[in-house]
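Q: Please find one structure pasted underneath; my questions will follow.
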Amino acid sequence: MINNRCVVGVEWLRQNYIDCRDRIKGRLHEFKTIAIERDEERALCELIFCLLTPQSKAKLCWRAVESICKKYNTLQCSRSEILGELYGVRFRYKKSIYVYEAIRRFIDNGEFRIIERLADFNSAESARDWLVTNIKGLGYKEASHFLRNIGMGDDIAILDRHILRNLMRYGVIDSIPTYLSKKRYIDIEDKMRLFSKNIGIPMSHLDLLFWYIETGELFK
């Protein structure tokens with residue numbers, strides 16, 4: 001049930017959704033083409049992006065990704081070359097190691113093959129668990145973000161500060177947690193999923209809608 005005090009706010013949320021629904025669908029379609037076309041190069045860019053974003057500005061991280069992919073053969077670039085492109089990215093020394101190691105984790109016969117590997121899982125949740133366990137630097141938020149951005153994570157939540165702030169605003173959660181354990185993450189994700197169902201806005205659409213409301217644009 002939706003808290004009575006949130007009813008007016010939910011109607012405003014639905015109206016905003018109607019206004020930008022087609023743009024959200026278009027953005028999600030762009031993501032889905034990565035998995036549909038098995039575009040491993042674009043998947044690699046999204047993986048690097050999601051490794052860089054914690055506590056850093058998304059657009060700055062994406063510029064770093066574009067610079068890395070433009071200047072270097074990404075599968076052969078060194079950690080120092082990666083580091084050199086991470087200007088302004090917080091914890092760039094540690095993240096350069098994460099990126100370097102993640103790239104090598106998925107090289108098979110000279111090619112990057114992460115979509116092929118993830119296609120073996122029967123659910124986004126199991127693929128996410130595997131990523132968190134095997135890719136240093138990916139927590140549940142980052143792994144969820146990556147799966148969504150390659151079109152393989154429609155019904156999982158990206159619980160960043162924008163999403164958590166909005167979930168609290170609409171009474172889905174009582175407070176924003178300072179730390180998200182796996183159990184807490186999944187608990188909030190389940191609550192968001194129920195809220196999504198109750199208000200008639202698909203989970204993946206709700207994530208981008210909240211981002212749009214917070215920032216005024218549909219990015220990543």
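Lettering and numbering for the structure tokens are positional, with chains as A, B, ... in the shown order, residues counted from 1 in each chain, and ligands counted from 1 in the shown order.
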Which residues of segment 61-90 of chain A come within 10 Å of segment 29-44 of chain A, and what is each one's closest atom pair and distance in Å (one decimal), counting only C-alpha atoms, sorted by chain and residue number, as a tab-separated table?
A:
residue	atom	partner	partner_atom	distance
A:Val65	CA	A:Leu44	CA	9.6
A:Cys69	CA	A:Glu41	CA	9.2
A:Thr74	CA	A:Leu44	CA	8.8
A:Leu75	CA	A:Leu44	CA	9.5
Q: Need to verify the contact set: Arg92 of chain A, 12 Å, only C-alpha atoms, exclusion of same-chain residues closer than 3 positions in sequence. Can you return it as number ranges by chain?
A: A: 51-56, 61, 64, 79-89, 95-100, 137
Q: Looking at only C-alpha atoms, which of A:Phe210, A:Trp130, A:Tyr17, A:Phe146 is the one that sits closest to Arg169 of chain A?
A: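 For Arg169 of chain A, the nearest of the candidates is A:Phe210.
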Q: Determine, for each residue of segment 112-166 of chain A having at least one atom at most 9 Å from an atom of segment 187-207 of chain A, the closest pair of atoms and their separation in Å to one decimal, counting only C-alpha atoms; order by chain and ascending number, as a tab-separated table.
A:
residue	atom	partner	partner_atom	distance
A:Arg148	CA	A:Ser204	CA	7.8
A:Gly153	CA	A:Ser204	CA	8.0
A:Asp154	CA	A:Ser204	CA	5.2
A:Asp155	CA	A:Met203	CA	5.7
A:Ile156	CA	A:Glu189	CA	7.0
A:Ala157	CA	A:Glu189	CA	5.6
A:Ile158	CA	A:Asp207	CA	7.2
A:Leu159	CA	A:Glu189	CA	7.8
A:His162	CA	A:Asp207	CA	9.0
A:Ile163	CA	A:Asp207	CA	6.8
A:Leu164	CA	A:Ile188	CA	8.9
Q: Restricting the calculation to only C-alpha atoms: of A:Val172, A:Ile18, A:Leu147, A:Gly110, which residue gets closest to Val132 of chain A?
A: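 Smallest distance to Val132 of chain A is found for A:Leu147.
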Q: As a ChimeraX atom specification, please: every residue in segment 21-208 of chain A that DSSP puts in strand (DSSP E).
A: /A:107-108,111-112
Q: So how far away is atom CA of Ser144 of chain A from atom CA of Glu125 of chain A, in Å?
A: 8.6 Å
Q: In Å to one decimal, how far is atom CA of Ala102 of chain A from atom CA of Arg184 of chain A?
A: 26.1 Å
Q: Rank A:Trp62, A:Tyr179, A:Tyr170, A:Tyr93 by their smallest atom-to-atom distance to Lys220 of chain A, using only C-alpha atoms, and report the top residue only.
A: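 Ranked by minimum distance to Lys220 of chain A, first place goes to A:Trp62.
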Q: Here is a test: counting only C-alpha atoms, which residue of A:Arg165, A:Arg63, A:Lys71, A:Lys182 is nearest to Trp211 of chain A?
A: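 Closest residue, counting only C-alpha atoms: A:Arg165.
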Q: Any chance you could list, as a PyMOL selection string, the residues in segment 52-182 of chain A that come up alpha helix (DSSP H) when DSSP is run on the backbone?
A: chain A and resi 52+58-71+79-83+92-105+114-118+124-134+140-149+161-169+182
Q: Take the residues from that selection and put them in a file with C-alpha atoms, as a PDB file, in the first residue's frame.
A:
ATOM      1  CA  LEU A  52      34.763   4.491 -11.930  1.00  0.00           C
ATOM      2  CA  ALA A  58      29.017  10.264 -13.750  1.00  0.00           C
ATOM      3  CA  LYS A  59      29.759  12.586 -16.673  1.00  0.00           C
ATOM      4  CA  LEU A  60      33.376  13.031 -15.623  1.00  0.00           C
ATOM      5  CA  CYS A  61      33.733   9.232 -15.444  1.00  0.00           C
ATOM      6  CA  TRP A  62      32.215   8.784 -18.881  1.00  0.00           C
ATOM      7  CA  ARG A  63      34.642  11.314 -20.350  1.00  0.00           C
ATOM      8  CA  ALA A  64      37.468   9.266 -18.846  1.00  0.00           C
ATOM      9  CA  VAL A  65      36.043   6.106 -20.428  1.00  0.00           C
ATOM     10  CA  GLU A  66      35.817   7.778 -23.839  1.00  0.00           C
ATOM     11  CA  SER A  67      39.392   9.013 -23.521  1.00  0.00           C
ATOM     12  CA  ILE A  68      40.719   5.557 -22.611  1.00  0.00           C
ATOM     13  CA  CYS A  69      38.857   3.855 -25.444  1.00  0.00           C
ATOM     14  CA  LYS A  70      39.857   6.499 -27.997  1.00  0.00           C
ATOM     15  CA  LYS A  71      43.566   6.641 -27.176  1.00  0.00           C
ATOM     16  CA  ARG A  79      47.456   0.314 -15.635  1.00  0.00           C
ATOM     17  CA  SER A  80      49.526   3.508 -15.805  1.00  0.00           C
ATOM     18  CA  GLU A  81      47.884   4.465 -19.116  1.00  0.00           C
ATOM     19  CA  ILE A  82      44.451   3.946 -17.560  1.00  0.00           C
ATOM     20  CA  LEU A  83      45.479   5.948 -14.503  1.00  0.00           C
ATOM     21  CA  ARG A  92      41.787   6.932  -9.192  1.00  0.00           C
ATOM     22  CA  TYR A  93      44.824   4.865  -8.180  1.00  0.00           C
ATOM     23  CA  LYS A  94      42.671   2.102  -6.736  1.00  0.00           C
ATOM     24  CA  LYS A  95      40.150   2.319  -9.575  1.00  0.00           C
ATOM     25  CA  SER A  96      42.845   2.082 -12.227  1.00  0.00           C
ATOM     26  CA  ILE A  97      43.787  -1.288 -10.737  1.00  0.00           C
ATOM     27  CA  TYR A  98      40.140  -2.389 -10.709  1.00  0.00           C
ATOM     28  CA  VAL A  99      39.737  -1.452 -14.382  1.00  0.00           C
ATOM     29  CA  TYR A 100      42.997  -3.094 -15.437  1.00  0.00           C
ATOM     30  CA  GLU A 101      42.174  -6.345 -13.621  1.00  0.00           C
ATOM     31  CA  ALA A 102      38.549  -6.427 -14.798  1.00  0.00           C
ATOM     32  CA  ILE A 103      39.551  -6.068 -18.443  1.00  0.00           C
ATOM     33  CA  ARG A 104      41.944  -8.985 -18.160  1.00  0.00           C
ATOM     34  CA  ARG A 105      39.380 -11.104 -16.343  1.00  0.00           C
ATOM     35  CA  ILE A 114      31.697 -10.455 -20.835  1.00  0.00           C
ATOM     36  CA  ILE A 115      28.220 -10.633 -22.427  1.00  0.00           C
ATOM     37  CA  GLU A 116      28.956 -14.175 -23.507  1.00  0.00           C
ATOM     38  CA  ARG A 117      29.917 -15.053 -19.926  1.00  0.00           C
ATOM     39  CA  LEU A 118      26.875 -13.388 -18.334  1.00  0.00           C
ATOM     40  CA  ALA A 124      19.970 -10.916 -13.407  1.00  0.00           C
ATOM     41  CA  GLU A 125      20.265 -11.593  -9.679  1.00  0.00           C
ATOM     42  CA  SER A 126      22.558 -14.584 -10.163  1.00  0.00           C
ATOM     43  CA  ALA A 127      24.653 -12.687 -12.729  1.00  0.00           C
ATOM     44  CA  ARG A 128      24.945  -9.815 -10.254  1.00  0.00           C
ATOM     45  CA  ASP A 129      26.039 -12.130  -7.439  1.00  0.00           C
ATOM     46  CA  TRP A 130      28.739 -13.538  -9.690  1.00  0.00           C
ATOM     47  CA  LEU A 131      29.980 -10.090 -10.695  1.00  0.00           C
ATOM     48  CA  VAL A 132      30.166  -8.885  -7.093  1.00  0.00           C
ATOM     49  CA  THR A 133      32.094 -12.008  -6.091  1.00  0.00           C
ATOM     50  CA  ASN A 134      34.497 -12.005  -9.011  1.00  0.00           C
ATOM     51  CA  TYR A 140      25.683  -4.527  -5.647  1.00  0.00           C
ATOM     52  CA  LYS A 141      24.934  -0.985  -6.789  1.00  0.00           C
ATOM     53  CA  GLU A 142      27.688  -0.951  -9.420  1.00  0.00           C
ATOM     54  CA  ALA A 143      26.953  -4.482 -10.657  1.00  0.00           C
ATOM     55  CA  SER A 144      23.249  -3.606 -10.964  1.00  0.00           C
ATOM     56  CA  HIS A 145      24.149  -0.431 -12.850  1.00  0.00           C
ATOM     57  CA  PHE A 146      26.396  -2.344 -15.235  1.00  0.00           C
ATOM     58  CA  LEU A 147      23.779  -5.017 -15.967  1.00  0.00           C
ATOM     59  CA  ARG A 148      21.124  -2.368 -16.626  1.00  0.00           C
ATOM     60  CA  ASN A 149      23.491  -0.451 -18.910  1.00  0.00           C
ATOM     61  CA  ARG A 161      21.873   8.293  -3.432  1.00  0.00           C
ATOM     62  CA  HIS A 162      19.342   9.638  -5.970  1.00  0.00           C
ATOM     63  CA  ILE A 163      17.227   6.499  -5.793  1.00  0.00           C
ATOM     64  CA  LEU A 164      17.455   6.153  -2.012  1.00  0.00           C
ATOM     65  CA  ARG A 165      16.513   9.799  -1.506  1.00  0.00           C
ATOM     66  CA  ASN A 166      13.415   9.356  -3.654  1.00  0.00           C
ATOM     67  CA  LEU A 167      12.469   6.068  -2.010  1.00  0.00           C
ATOM     68  CA  MET A 168      12.513   7.832   1.331  1.00  0.00           C
ATOM     69  CA  ARG A 169      10.523  10.749  -0.101  1.00  0.00           C
ATOM     70  CA  LYS A 182      23.685  -7.636   0.621  1.00  0.00           C
TER      71      LYS A 182
END
